[in-house]
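K.L.:
To be precise about what I am sending: the file is called upload-v3.txt and holds compact mmCIF, C-alpha atoms.
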```txt
# COMPACT_ATOMS: atom_id res chain seq x y z
CA MET C 1 36.25 -14.81 -18.69
CA ALA C 2 35.73 -11.12 -19.15
CA ALA C 3 34.99 -9.07 -16.06
CA GLU C 4 31.33 -8.45 -15.50
CA LEU C 5 29.11 -6.39 -13.27
CA HIS C 6 25.80 -7.29 -11.72
CA VAL C 7 22.86 -5.21 -12.87
CA GLU C 8 19.54 -4.72 -11.11
CA LEU C 9 16.93 -2.76 -13.03
CA VAL C 10 14.07 -2.08 -10.62
CA ALA C 11 10.88 -0.11 -11.06
CA ALA C 12 8.85 1.18 -8.12
CA ASP C 13 6.52 -1.81 -8.11
CA ARG C 14 8.60 -4.64 -9.53
CA SER C 15 12.04 -5.87 -10.42
CA VAL C 16 12.34 -5.51 -14.21
CA TRP C 17 15.62 -7.20 -15.08
CA SER C 18 18.68 -8.50 -13.29
CA GLY C 19 21.78 -10.32 -14.40
CA GLY C 20 25.42 -10.02 -15.43
CA ALA C 21 26.59 -7.39 -17.91
CA THR C 22 29.79 -6.05 -19.41
CA LEU C 23 28.59 -2.55 -20.23
CA VAL C 24 25.66 -0.38 -19.26
CA ILE C 25 24.84 2.85 -21.05
CA ALA C 26 22.37 5.27 -19.49
CA ARG C 27 21.48 8.90 -19.86
CA THR C 28 22.11 11.09 -16.82
CA THR C 29 21.18 14.75 -16.50
CA SER C 30 24.70 15.69 -17.56
CA GLY C 31 24.94 13.37 -20.55
CA ASP C 32 25.21 9.74 -21.53
CA ILE C 33 27.35 7.59 -19.31
CA GLY C 34 28.79 4.16 -19.91
CA VAL C 35 29.64 1.98 -16.94
CA MET C 36 32.00 -0.98 -17.22
CA PRO C 37 33.20 -3.35 -14.52
CA GLY C 38 35.53 -1.66 -12.05
CA HIS C 39 34.06 1.81 -12.52
CA GLN C 40 34.44 4.08 -9.53
CA PRO C 41 31.42 4.28 -7.18
CA LEU C 42 28.81 6.46 -8.85
CA LEU C 43 25.44 7.92 -8.03
CA GLY C 44 23.65 9.85 -10.72
CA VAL C 45 20.25 11.19 -11.67
CA LEU C 46 18.79 9.65 -14.82
CA GLU C 47 16.95 11.43 -17.58
CA SER C 48 14.09 9.75 -19.36
CA GLY C 49 15.66 7.72 -22.09
CA PRO C 50 16.65 4.28 -23.25
CA VAL C 51 19.10 2.26 -21.18
CA THR C 52 21.28 -0.24 -23.00
CA ILE C 53 22.73 -3.24 -21.21
CA ARG C 54 25.27 -5.52 -22.90
CA THR C 55 24.80 -8.80 -21.11
CA SER C 56 27.69 -11.12 -20.33
CA GLU C 57 26.22 -13.66 -22.77
CA GLY C 58 26.78 -11.15 -25.56
CA GLY C 59 23.15 -10.10 -25.96
CA THR C 60 21.70 -6.67 -25.61
CA VAL C 61 18.86 -5.60 -23.35
CA VAL C 62 17.21 -2.27 -23.99
CA ALA C 63 14.77 -0.66 -21.58
CA ALA C 64 12.84 2.57 -21.55
CA VAL C 65 13.42 4.33 -18.24
CA HIS C 66 11.39 7.31 -17.13
CA GLY C 67 13.39 9.24 -14.57
CA GLY C 68 15.28 7.65 -11.71
CA PHE C 69 18.78 6.98 -10.49
CA ILE C 70 21.86 5.00 -11.29
CA THR C 71 24.11 3.75 -8.52
CA PHE C 72 27.24 1.72 -8.89
CA ALA C 73 29.35 0.27 -6.11
CA ASP C 74 31.25 -2.99 -5.53
CA ASN C 75 30.64 -4.10 -9.10
CA LYS C 76 26.92 -3.91 -8.49
CA LEU C 77 24.92 -1.52 -10.58
CA SER C 78 21.37 -0.54 -9.71
CA LEU C 79 19.06 1.35 -11.98
CA LEU C 80 16.10 2.72 -10.04
CA ALA C 81 13.20 4.07 -11.99
CA GLU C 82 9.63 4.96 -11.21
CA ILE C 83 8.62 3.38 -14.49
CA ALA C 84 10.81 1.04 -16.48
CA GLU C 85 9.90 -1.24 -19.36
CA LEU C 86 11.97 -3.62 -21.41
CA ALA C 87 11.91 -2.87 -25.13
CA GLU C 88 10.23 -6.20 -25.89
CA GLU C 89 7.40 -5.31 -23.50
CA ILE C 90 6.64 -2.14 -25.41
CA ASP C 91 3.98 -2.20 -28.07
CA PRO C 92 5.27 0.21 -30.76
CA GLN C 93 1.83 0.77 -32.28
CA ARG C 94 0.43 1.66 -28.91
CA ALA C 95 3.31 4.01 -28.15
CA GLU C 96 2.83 5.59 -31.58
CA ARG C 97 -0.84 6.18 -30.88
CA ALA C 98 0.00 7.54 -27.43
CA LEU C 99 2.51 9.92 -29.00
CA GLU C 100 -0.04 11.25 -31.47
CA ARG C 101 -2.64 11.63 -28.78
CA ALA C 102 -0.17 13.41 -26.50
CA LYS C 103 0.78 15.76 -29.33
CA ALA C 104 -2.86 16.51 -30.06
CA GLU C 105 -3.54 17.24 -26.41
CA SER C 106 -0.16 18.98 -26.04
CA ASP C 107 0.57 16.86 -22.95
CA ALA C 108 4.33 17.27 -22.70
CA ALA C 109 4.90 14.55 -20.09
CA ALA C 110 2.92 11.93 -22.00
CA GLU C 111 4.62 12.95 -25.22
CA ARG C 112 8.04 12.45 -23.68
CA ARG C 113 7.07 9.06 -22.26
CA ALA C 114 5.81 7.84 -25.61
CA ASP C 115 8.90 9.23 -27.34
CA VAL C 116 11.24 7.41 -24.96
CA ARG C 117 9.35 4.17 -25.53
CA LEU C 118 9.65 4.53 -29.29
CA ARG C 119 13.33 5.32 -29.07
CA ALA C 120 13.92 2.25 -26.91
CA VAL C 121 12.19 0.10 -29.52
CA ALA C 122 14.21 1.73 -32.31
CA VAL C 123 17.54 1.06 -30.54
CA ARG C 124 16.70 -2.61 -30.32
CA MET R 125 -47.13 -25.31 11.63
CA GLY R 126 -47.41 -23.25 14.79
CA ALA R 127 -46.63 -19.54 14.92
CA GLN R 128 -43.57 -20.04 17.14
CA LEU R 129 -42.01 -22.61 14.87
CA ARG R 130 -42.63 -20.47 11.81
CA VAL R 131 -40.76 -17.54 13.39
CA TYR R 132 -37.76 -19.73 14.16
CA LYS R 133 -37.69 -21.19 10.66
CA ARG R 134 -37.74 -17.71 9.16
CA ARG R 135 -34.85 -16.52 11.32
CA ILE R 136 -32.77 -19.59 10.50
CA LYS R 137 -33.27 -18.90 6.82
CA SER R 138 -32.15 -15.27 7.08
CA VAL R 139 -29.11 -16.11 9.23
CA THR R 140 -28.10 -18.80 6.71
CA ALA R 141 -28.22 -16.22 3.92
CA THR R 142 -26.07 -13.83 5.95
CA LYS R 143 -23.61 -16.61 6.70
CA LYS R 144 -23.20 -17.34 3.00
CA ILE R 145 -22.40 -13.68 2.32
CA THR R 146 -19.86 -13.34 5.13
CA LYS R 147 -18.23 -16.61 4.11
CA ALA R 148 -17.83 -15.31 0.55
CA MET R 149 -16.36 -12.03 1.80
CA GLU R 150 -13.95 -13.94 4.01
CA MET R 151 -12.66 -15.96 1.09
CA ILE R 152 -12.33 -12.91 -1.16
CA ALA R 153 -10.36 -11.08 1.53
CA ALA R 154 -8.12 -14.12 2.09
CA SER R 155 -7.19 -14.26 -1.59
CA ARG R 156 -6.53 -10.53 -1.67
CA ILE R 157 -4.15 -10.66 1.31
CA VAL R 158 -1.81 -12.87 -0.68
CA LYS R 159 -1.96 -10.51 -3.63
CA ALA R 160 -1.29 -7.49 -1.40
CA GLN R 161 1.63 -9.25 0.29
CA ARG R 162 3.11 -10.05 -3.09
CA LYS R 163 2.90 -6.36 -4.00
CA VAL R 164 4.69 -5.41 -0.79
CA ALA R 165 7.44 -7.89 -1.64
CA ALA R 166 7.69 -6.60 -5.22
CA SER R 167 8.17 -3.02 -4.05
CA THR R 168 10.92 -3.94 -1.56
CA PRO R 169 13.95 -3.95 -3.91
CA TYR R 170 13.20 -0.40 -5.06
CA ALA R 171 12.76 0.84 -1.49
CA THR R 172 15.95 -0.86 -0.31
CA GLU R 173 18.06 0.52 -3.16
CA LEU R 174 16.60 3.98 -2.68
CA THR R 175 17.31 3.97 1.04
CA ARG R 176 20.85 2.85 0.38
CA ALA R 177 21.29 5.69 -2.09
CA VAL R 178 19.81 8.29 0.28
CA THR R 179 22.04 7.09 3.10
CA ALA R 180 25.04 7.21 0.79
CA VAL R 181 24.45 10.80 -0.26
CA ALA R 182 23.57 12.05 3.19
CA THR R 183 26.58 10.45 4.87
CA GLY R 184 29.00 10.87 1.98
CA SER R 185 28.57 14.60 1.65
CA ASN R 186 27.92 17.57 3.89
CA THR R 187 24.89 18.71 2.00
CA LYS R 188 22.05 20.31 3.91
CA HIS R 189 18.55 19.81 2.68
CA PRO R 190 15.20 20.90 4.19
CA LEU R 191 14.09 17.27 4.18
CA THR R 192 16.97 16.03 6.33
CA THR R 193 17.64 18.90 8.73
CA GLU R 194 15.65 19.29 11.91
CA THR R 195 14.32 22.72 12.74
CA ASP R 196 15.26 24.01 16.18
CA ASN R 197 11.72 24.58 17.22
CA PRO R 198 9.11 23.04 14.98
CA THR R 199 5.74 24.79 15.08
CA ARG R 200 3.65 22.87 12.61
CA ALA R 201 3.36 19.21 11.70
CA ALA R 202 1.50 17.28 9.05
CA VAL R 203 -0.11 13.95 9.86
CA LEU R 204 -0.98 11.52 7.08
CA LEU R 205 -3.60 9.02 8.21
CA ILE R 206 -4.27 5.90 6.17
CA THR R 207 -7.66 4.24 6.64
CA SER R 208 -9.87 2.08 4.44
CA ASP R 209 -12.57 2.98 1.93
CA ARG R 210 -14.97 0.30 3.04
CA GLY R 211 -16.14 -0.96 6.39
CA LEU R 212 -16.75 -4.53 7.56
CA ALA R 213 -13.13 -4.85 8.59
CA GLY R 214 -13.53 -4.99 12.35
CA GLY R 215 -11.58 -2.33 14.20
CA TYR R 216 -9.17 -1.69 11.33
CA SER R 217 -10.05 1.92 10.52
CA SER R 218 -11.01 2.97 14.02
CA ASN R 219 -7.70 1.67 15.42
CA ALA R 220 -5.76 3.72 12.89
CA ILE R 221 -7.92 6.78 13.63
CA LYS R 222 -7.35 6.29 17.37
CA ALA R 223 -3.59 6.15 16.82
CA ALA R 224 -3.78 9.35 14.76
CA ASP R 225 -5.80 11.05 17.51
CA GLN R 226 -3.18 10.11 20.08
CA LEU R 227 -0.41 11.44 17.87
CA THR R 228 -2.29 14.67 17.20
CA GLU R 229 -2.86 15.10 20.93
CA ARG R 230 0.84 14.57 21.63
CA LEU R 231 1.95 17.00 18.92
CA ARG R 232 -0.49 19.64 20.18
CA GLY R 233 0.92 19.07 23.68
CA GLU R 234 4.36 19.88 22.28
CA GLY R 235 2.97 23.14 21.01
CA LYS R 236 2.68 22.28 17.33
CA GLU R 237 -0.16 22.97 14.99
CA VAL R 238 -1.36 19.87 13.21
CA ASP R 239 -2.50 19.60 9.58
CA THR R 240 -4.29 16.36 8.85
CA TYR R 241 -4.14 14.55 5.52
CA ILE R 242 -6.36 11.52 5.08
CA VAL R 243 -6.44 8.51 2.79
CA GLY R 244 -9.63 6.42 2.79
CA ARG R 245 -13.33 7.14 2.98
CA LYS R 246 -13.66 5.94 6.60
CA GLY R 247 -11.20 8.48 7.92
CA VAL R 248 -12.77 11.26 5.86
CA ALA R 249 -16.21 10.37 7.21
CA TYR R 250 -14.93 10.32 10.79
CA TYR R 251 -13.34 13.76 10.51
CA GLY R 252 -16.25 15.12 8.50
CA PHE R 253 -18.79 14.04 11.12
CA ARG R 254 -16.82 15.74 13.88
CA GLU R 255 -16.30 18.79 11.69
CA ARG R 256 -12.55 18.67 12.07
CA LYS R 257 -10.39 20.37 9.52
CA VAL R 258 -8.74 18.18 6.91
CA ALA R 259 -5.98 19.66 4.79
CA GLU R 260 -6.45 17.20 1.95
CA SER R 261 -7.92 13.75 1.42
CA TRP R 262 -7.84 10.96 -1.14
CA THR R 263 -10.24 8.08 -1.58
CA GLY R 264 -10.93 5.18 -3.90
CA PHE R 265 -7.68 3.21 -4.01
CA THR R 266 -7.07 1.70 -0.56
CA ASP R 267 -7.91 -1.80 -1.83
CA SER R 268 -4.95 -1.99 -4.18
CA PRO R 269 -2.90 1.20 -4.32
CA SER R 270 -0.62 1.83 -7.29
CA TYR R 271 2.59 3.81 -7.37
CA GLY R 272 0.73 6.61 -9.14
CA ASP R 273 -1.61 6.88 -6.14
CA ALA R 274 1.37 7.17 -3.82
CA LYS R 275 2.77 9.95 -5.99
CA LYS R 276 -0.53 11.78 -5.85
CA VAL R 277 -0.55 11.59 -2.06
CA ALA R 278 3.10 12.51 -1.72
CA ALA R 279 3.06 15.60 -3.97
CA PRO R 280 1.21 18.05 -1.66
CA LEU R 281 3.03 16.66 1.38
CA ILE R 282 6.44 17.24 -0.13
CA GLU R 283 5.33 20.70 -1.19
CA ALA R 284 4.15 21.48 2.35
CA VAL R 285 7.45 20.33 3.81
CA THR R 286 9.56 22.36 1.39
CA THR R 287 7.51 25.52 1.93
CA GLU R 288 8.64 27.87 4.67
CA THR R 289 6.66 27.42 7.89
CA ALA R 290 5.66 31.08 7.95
CA GLU R 291 4.02 30.66 4.56
CA GLY R 292 1.91 27.72 5.61
CA GLY R 293 4.47 24.95 5.28
CA VAL R 294 5.14 22.26 7.86
CA ASP R 295 8.28 21.29 9.77
CA GLU R 296 7.50 17.65 10.36
CA LEU R 297 5.69 14.91 8.54
CA HIS R 298 4.19 11.99 10.42
CA ILE R 299 2.44 9.01 8.96
CA VAL R 300 -0.09 6.76 10.69
CA PHE R 301 -0.86 3.44 9.04
CA THR R 302 -1.52 -0.16 9.98
CA GLU R 303 1.55 -2.30 9.80
CA PHE R 304 1.11 -5.82 8.49
CA VAL R 305 2.94 -7.96 11.04
CA SER R 306 1.37 -11.29 10.20
CA MET R 307 -1.94 -12.78 9.09
CA MET R 308 -3.20 -12.54 12.66
CA THR R 309 -1.55 -9.33 13.86
CA GLN R 310 -1.76 -5.87 12.37
CA THR R 311 -0.73 -2.94 14.50
CA PRO R 312 -1.32 0.75 13.87
CA VAL R 313 1.99 2.59 13.90
CA GLN R 314 2.96 6.26 14.02
CA ASN R 315 6.18 7.11 12.21
CA ARG R 316 7.93 10.38 11.76
CA MET R 317 8.90 10.35 8.12
CA LEU R 318 10.45 13.81 7.84
CA PRO R 319 12.84 15.23 8.74
CA LEU R 320 14.54 12.04 7.82
CA SER R 321 16.46 10.17 10.46
CA LEU R 322 19.04 8.16 8.60
CA GLU R 323 19.62 5.56 11.28
CA LYS R 324 15.96 4.65 11.35
CA ALA R 325 15.75 4.55 7.58
CA ALA R 326 18.67 2.15 7.46
CA GLU R 327 17.14 -0.02 10.17
CA GLU R 328 13.84 -0.32 8.35
CA THR R 329 15.40 -1.73 5.24
CA GLY R 330 18.05 -3.75 7.00
CA THR R 331 21.02 -1.92 5.55
CA LYS R 332 22.38 -0.77 8.89
CA GLY R 333 26.05 -1.21 9.59
CA GLU R 334 26.97 -1.43 5.95
CA ILE R 335 30.01 0.59 5.00
CA LEU R 336 29.22 2.70 1.98
CA PRO R 337 31.89 3.56 -0.57
CA LEU R 338 32.74 7.12 -1.53
CA PHE R 339 30.45 7.91 -4.41
CA ASP R 340 31.09 10.06 -7.39
CA PHE R 341 27.97 12.19 -7.75
CA GLU R 342 26.52 13.00 -11.11
CA PRO R 343 25.82 15.94 -11.57
CA SER R 344 26.41 16.99 -7.93
CA ALA R 345 25.58 15.77 -4.44
CA GLU R 346 23.01 18.55 -3.92
CA ASP R 347 21.20 17.80 -7.16
CA VAL R 348 21.19 14.09 -6.48
CA LEU R 349 19.77 14.64 -3.01
CA ASP R 350 17.19 17.06 -4.39
CA ALA R 351 16.01 14.41 -6.82
CA LEU R 352 16.32 11.50 -4.39
CA LEU R 353 14.38 12.71 -1.37
CA PRO R 354 10.99 13.24 -3.00
CA ARG R 355 11.31 9.76 -4.55
CA TYR R 356 12.22 8.42 -1.14
CA VAL R 357 9.12 9.96 0.44
CA GLU R 358 6.98 8.58 -2.37
CA SER R 359 8.39 5.13 -1.93
CA ARG R 360 7.82 5.23 1.86
CA ILE R 361 4.22 6.31 1.31
CA TYR R 362 3.77 3.63 -1.33
CA ASN R 363 5.08 1.04 1.10
CA ALA R 364 2.74 2.32 3.83
CA LEU R 365 -0.24 2.19 1.46
CA LEU R 366 0.58 -1.37 0.43
CA GLN R 367 1.00 -2.54 4.01
CA ALA R 368 -2.22 -0.81 4.98
CA ALA R 369 -4.01 -2.57 2.11
CA ALA R 370 -2.68 -5.95 3.23
CA SER R 371 -3.71 -5.17 6.82
CA GLU R 372 -7.15 -4.09 5.69
CA HIS R 373 -7.74 -7.37 3.90
CA ALA R 374 -6.41 -9.36 6.85
CA ALA R 375 -8.64 -7.43 9.26
CA ARG R 376 -11.63 -7.94 6.98
CA ARG R 377 -10.93 -11.65 6.69
CA ARG R 378 -10.78 -12.00 10.47
CA ALA R 379 -13.94 -9.96 10.99
CA MET R 380 -15.80 -11.98 8.38
CA LYS R 381 -14.54 -15.26 9.81
CA SER R 382 -15.90 -14.43 13.24
CA ALA R 383 -19.16 -13.26 11.65
CA THR R 384 -19.42 -16.60 9.84
CA ASP R 385 -18.66 -18.50 13.06
CA ASN R 386 -21.25 -16.48 14.97
CA ALA R 387 -23.83 -17.11 12.27
CA GLY R 388 -23.10 -20.85 12.56
CA ASP R 389 -23.60 -20.74 16.35
CA LEU R 390 -26.79 -18.77 15.93
CA ILE R 391 -28.14 -21.27 13.41
CA ASN R 392 -27.35 -24.11 15.83
CA SER R 393 -29.12 -22.57 18.79
CA LEU R 394 -32.06 -21.46 16.63
CA SER R 395 -32.54 -24.95 15.23
CA ARG R 396 -32.48 -26.37 18.80
CA LEU R 397 -35.21 -23.90 19.72
CA ALA R 398 -37.13 -24.76 16.56
CA ASN R 399 -36.88 -28.48 17.38
CA ALA R 400 -38.12 -27.86 20.91
CA ALA R 401 -41.00 -25.81 19.56
CA ARG R 402 -41.92 -28.56 17.11
CA GLN R 403 -41.73 -31.18 19.84
CA ALA R 404 -43.92 -29.08 22.12
CA GLU R 405 -46.41 -28.70 19.31
CA ILE R 406 -46.53 -32.47 18.72
CA THR R 407 -46.86 -33.17 22.43
CA GLN R 408 -49.70 -30.74 22.64
CA GLU R 409 -51.44 -32.29 19.64
CA ILE R 410 -51.12 -35.80 21.11
CA SER R 411 -52.46 -34.73 24.47
CA GLU R 412 -55.33 -32.99 22.71
CA ILE R 413 -56.18 -36.15 20.75
CA VAL R 414 -55.88 -38.36 23.83
CA GLY R 415 -57.95 -35.91 25.83
CA GLY R 416 -60.55 -35.74 23.09
CA ALA R 417 -60.68 -39.53 22.73
CA SER R 418 -61.09 -40.16 26.44
CA ALA R 419 -63.78 -37.48 26.68
CA LEU R 420 -65.59 -39.23 23.79
CA ALA R 421 -65.12 -42.62 25.48
CA ASP R 422 -66.49 -41.24 28.76
CA ALA R 423 -69.48 -39.80 26.93
CA THR R 424 -70.33 -43.10 25.13
CA ALA R 425 -69.82 -45.12 28.36
CA GLY R 426 -72.28 -42.77 30.07
CA SER R 427 -74.98 -43.16 27.37
CA ASP R 428 -74.77 -47.04 27.63
CA LYS R 429 -76.24 -47.00 31.08
```
Using C-alpha cells, write down the structure that the file contains.
P.N.:
Amino acid sequence: MAAELHVELVAADRSVWSGGATLVIARTTSGDIGVMPGHQPLLGVLESGPVTIRTSEGGTVVAAVHGGFITFADNKLSLLAEIAELAEEIDPQRAERALERAKAESDAAAERRADVRLRAVAVR
Amino acid sequence: MGAQLRVYKRRIKSVTATKKITKAMEMIAASRIVKAQRKVAASTPYATELTRAVTAVATGSNTKHPLTTETDNPTRAAVLLITSDRGLAGGYSSNAIKAADQLTERLRGEGKEVDTYIVGRKGVAYYGFRERKVAESWTGFTDSPSYGDAKKVAAPLIEAVTTETAEGGVDELHIVFTEFVSMMTQTPVQNRMLPLSLEKAAEETGTKGEILPLFDFEPSAEDVLDALLPRYVESRIYNALLQAAASEHAARRRAMKSATDNAGDLINSLSRLANAARQAEITQEISEIVGGASALADATAGSDK
C-alpha cells in the first residue's frame, strides 16, 4: 500500500471534504506547492485558486478555495479556507454569469471568485 | 348571561388566544436551537485548526505582532456586546447588557477609555435611550449569523486594534456574549480576545498540552501570522455570534414556555371563577322563582278567605 496522508478541507462554516490522499497541490502566496506523505511540517498562506487532491483510491478531487491556509504535520494536512467549494458543487453557468456581472460592475473581488470557480471546474 | 360571567368568558377567550401564540413561538424557538447548535458544531473544525495554527506560529517563532503583544499600559479598550434583535426572550439581552456594563465599569476603574461596539437591536436601543456613545453597531442577523456577518463585525475591530492608540486605536478587545452551556443554562461571559493569550486559546479548543512540530513557514512566519490573526479574530467572533444565537433561541423557548404555562394557570382559575359566577346566577334565579311562587301562593291563599 502506498503511503498516504489524511486531508481535511474545512471552510469557516462546514467541513467540505476529508479522507486519504497521496498528493495535494495548492497555490500559496509564493507559488504552487505539492505535498506528499512525509513532507516536512508546513504552514503556508493560500492564494485563491483551485486545490487538487489525488485520493488514495486513485480519484481526483478539485476544490475552489478562496484564501486561507495550509498546514501539514504528522501526515495530517489541513486546508482552512473562508470559502471552499468542491468542483462538482459549482454551477459553471452561474459562475460564468457571475464573472460577466463582476466584469461589468468592475468588482475585482467578485471577478476573482468567479474566475477561481471556473478554473476549478476546468481542471476537473 | 349575567354581566360578571360575560366578562370572565371574554378574558378566557383572550388568554386562550395568547396561549396559542406563545406555544407556537416556543416550538419555533425549540426547532431553531437545534439548528443553531448544529451550526456551532459545523464551525468547530475550522476554529480548532485555526487555533492550532496560530499557536504553532506564535510558539514556533519569535515574531512580534500587535495582536499578540500586550502594551505596558493600555489606555483604551474596545468592548463588543452581542445582544438580540428581538425581545420576548426573557432576560437574555438585559443579562448580556448588564455584563457589558460591569466590564465597562471595571475597565474605566483601571483607567481605560472604553469604545463600545454593539450587535443586535436590543443593545442599540438600550444605549440609544441612555444617550451613550456607540462606536459602531450592526443589526439584523442575530437569529442566524453567517460567516460574512462575522467578517463585517470583525473588520472595524481589527482595524481599531492595529491602529496606534494615539490615533484613535485601541489596546484591548473584549467581547461580551451569552455562552450556550446547555438547553437550560446560558451564561453571559466577558472574554478578552486581544491581545491574544495563547494558553487560553489552546484551552478553549482543547488543544492544550499538545506538542507542536517545527513548521516550515511559507512565505515567512511574519506573513503567516499577519494573515492568520485577522482570520482567528473573525472565527472567534463567528463562534460567539453562533453561541449567542443558540442562547437567544434557548432563552426565548424558556420564556415562551413559562408564558404558556402561566396562560394555562390563568385559564384554569378564570374558568373556576366563571363557573362560580354561573352557579351564583343559577342559585339567584332559583331563589327568585321560589320566592315569586311562594309570594303568589300566599296571595291566592289570602284571597280564598
K.L.:
Calculated over all atoms listed in the file, which of the candidates R:Phe304, R:Tyr356, R:Tyr216, R:Tyr250 has the smallest distance to chain C?
P.N.:
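Ranking R:Phe304, R:Tyr356, R:Tyr216, R:Tyr250 by distance to chain C, first place goes to R:Tyr356.
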K.L.:
Give me, as a tab-separated table, each residue of region 55-87 of chain C that comes within 9 Å of region 8-32 of chain C, together with its shortest interatomic pair and the distance in Å at one decimal, counting all atoms listed in the file, with rows ordered by chain and rising residue number.
P.N.:
```
residue	atom	partner	partner_atom	distance
C:Thr55	CA	C:Ala21	CA	3.9
C:Ser56	CA	C:Ala21	CA	4.6
C:Glu57	CA	C:Ala21	CA	7.9
C:Gly58	CA	C:Ala21	CA	8.5
C:Val65	CA	C:Ala11	CA	8.8
C:Gly68	CA	C:Ala11	CA	8.9
C:Phe69	CA	C:Thr28	CA	8.2
C:Ile70	CA	C:Ala26	CA	8.2
C:Lys76	CA	C:Glu8	CA	7.9
C:Leu77	CA	C:Glu8	CA	6.3
C:Ser78	CA	C:Glu8	CA	4.8
C:Leu79	CA	C:Leu9	CA	4.7
C:Leu80	CA	C:Val10	CA	5.2
C:Ala81	CA	C:Ala11	CA	4.9
C:Glu82	CA	C:Ala12	CA	4.9
C:Ile83	CA	C:Ala11	CA	5.4
C:Ala84	CA	C:Ala11	CA	5.5
C:Glu85	CA	C:Val16	CA	7.1
C:Leu86	CA	C:Val16	CA	7.5
```
K.L.:
Define the interface residues of chain R facing chain C as those within 12 Å, counting only C-alpha atoms, and report them as a PyMOL selection string.
P.N.:
chain R and resi 160+162-181+184+269-272+274-275+335-356+358-363+366
K.L.:
Please list as JSON, numbers by chain every residue within 7 Å of Val243 (chain R), counting all atoms listed in the file and excluding residues in the same chain fewer than 6 positions away.
P.N.:
{"R": [205, 206, 207, 261, 262, 263]}
K.L.:
I'd like the interatomic distance between CA of Ile90 (chain C) and CA of Asp273 (chain R), to a tenth of an Å.
P.N.:
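Answer for the CA of Ile90 (chain C) to CA of Asp273 (chain R) separation: 22.8 Å.
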K.L.:
Find the distance between CA of Thr302 (chain R) and CA of Val258 (chain R) and write it in Å to one decimal.
P.N.:
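Pair CA of Thr302 (chain R) / CA of Val258 (chain R) returns 19.9 Å.
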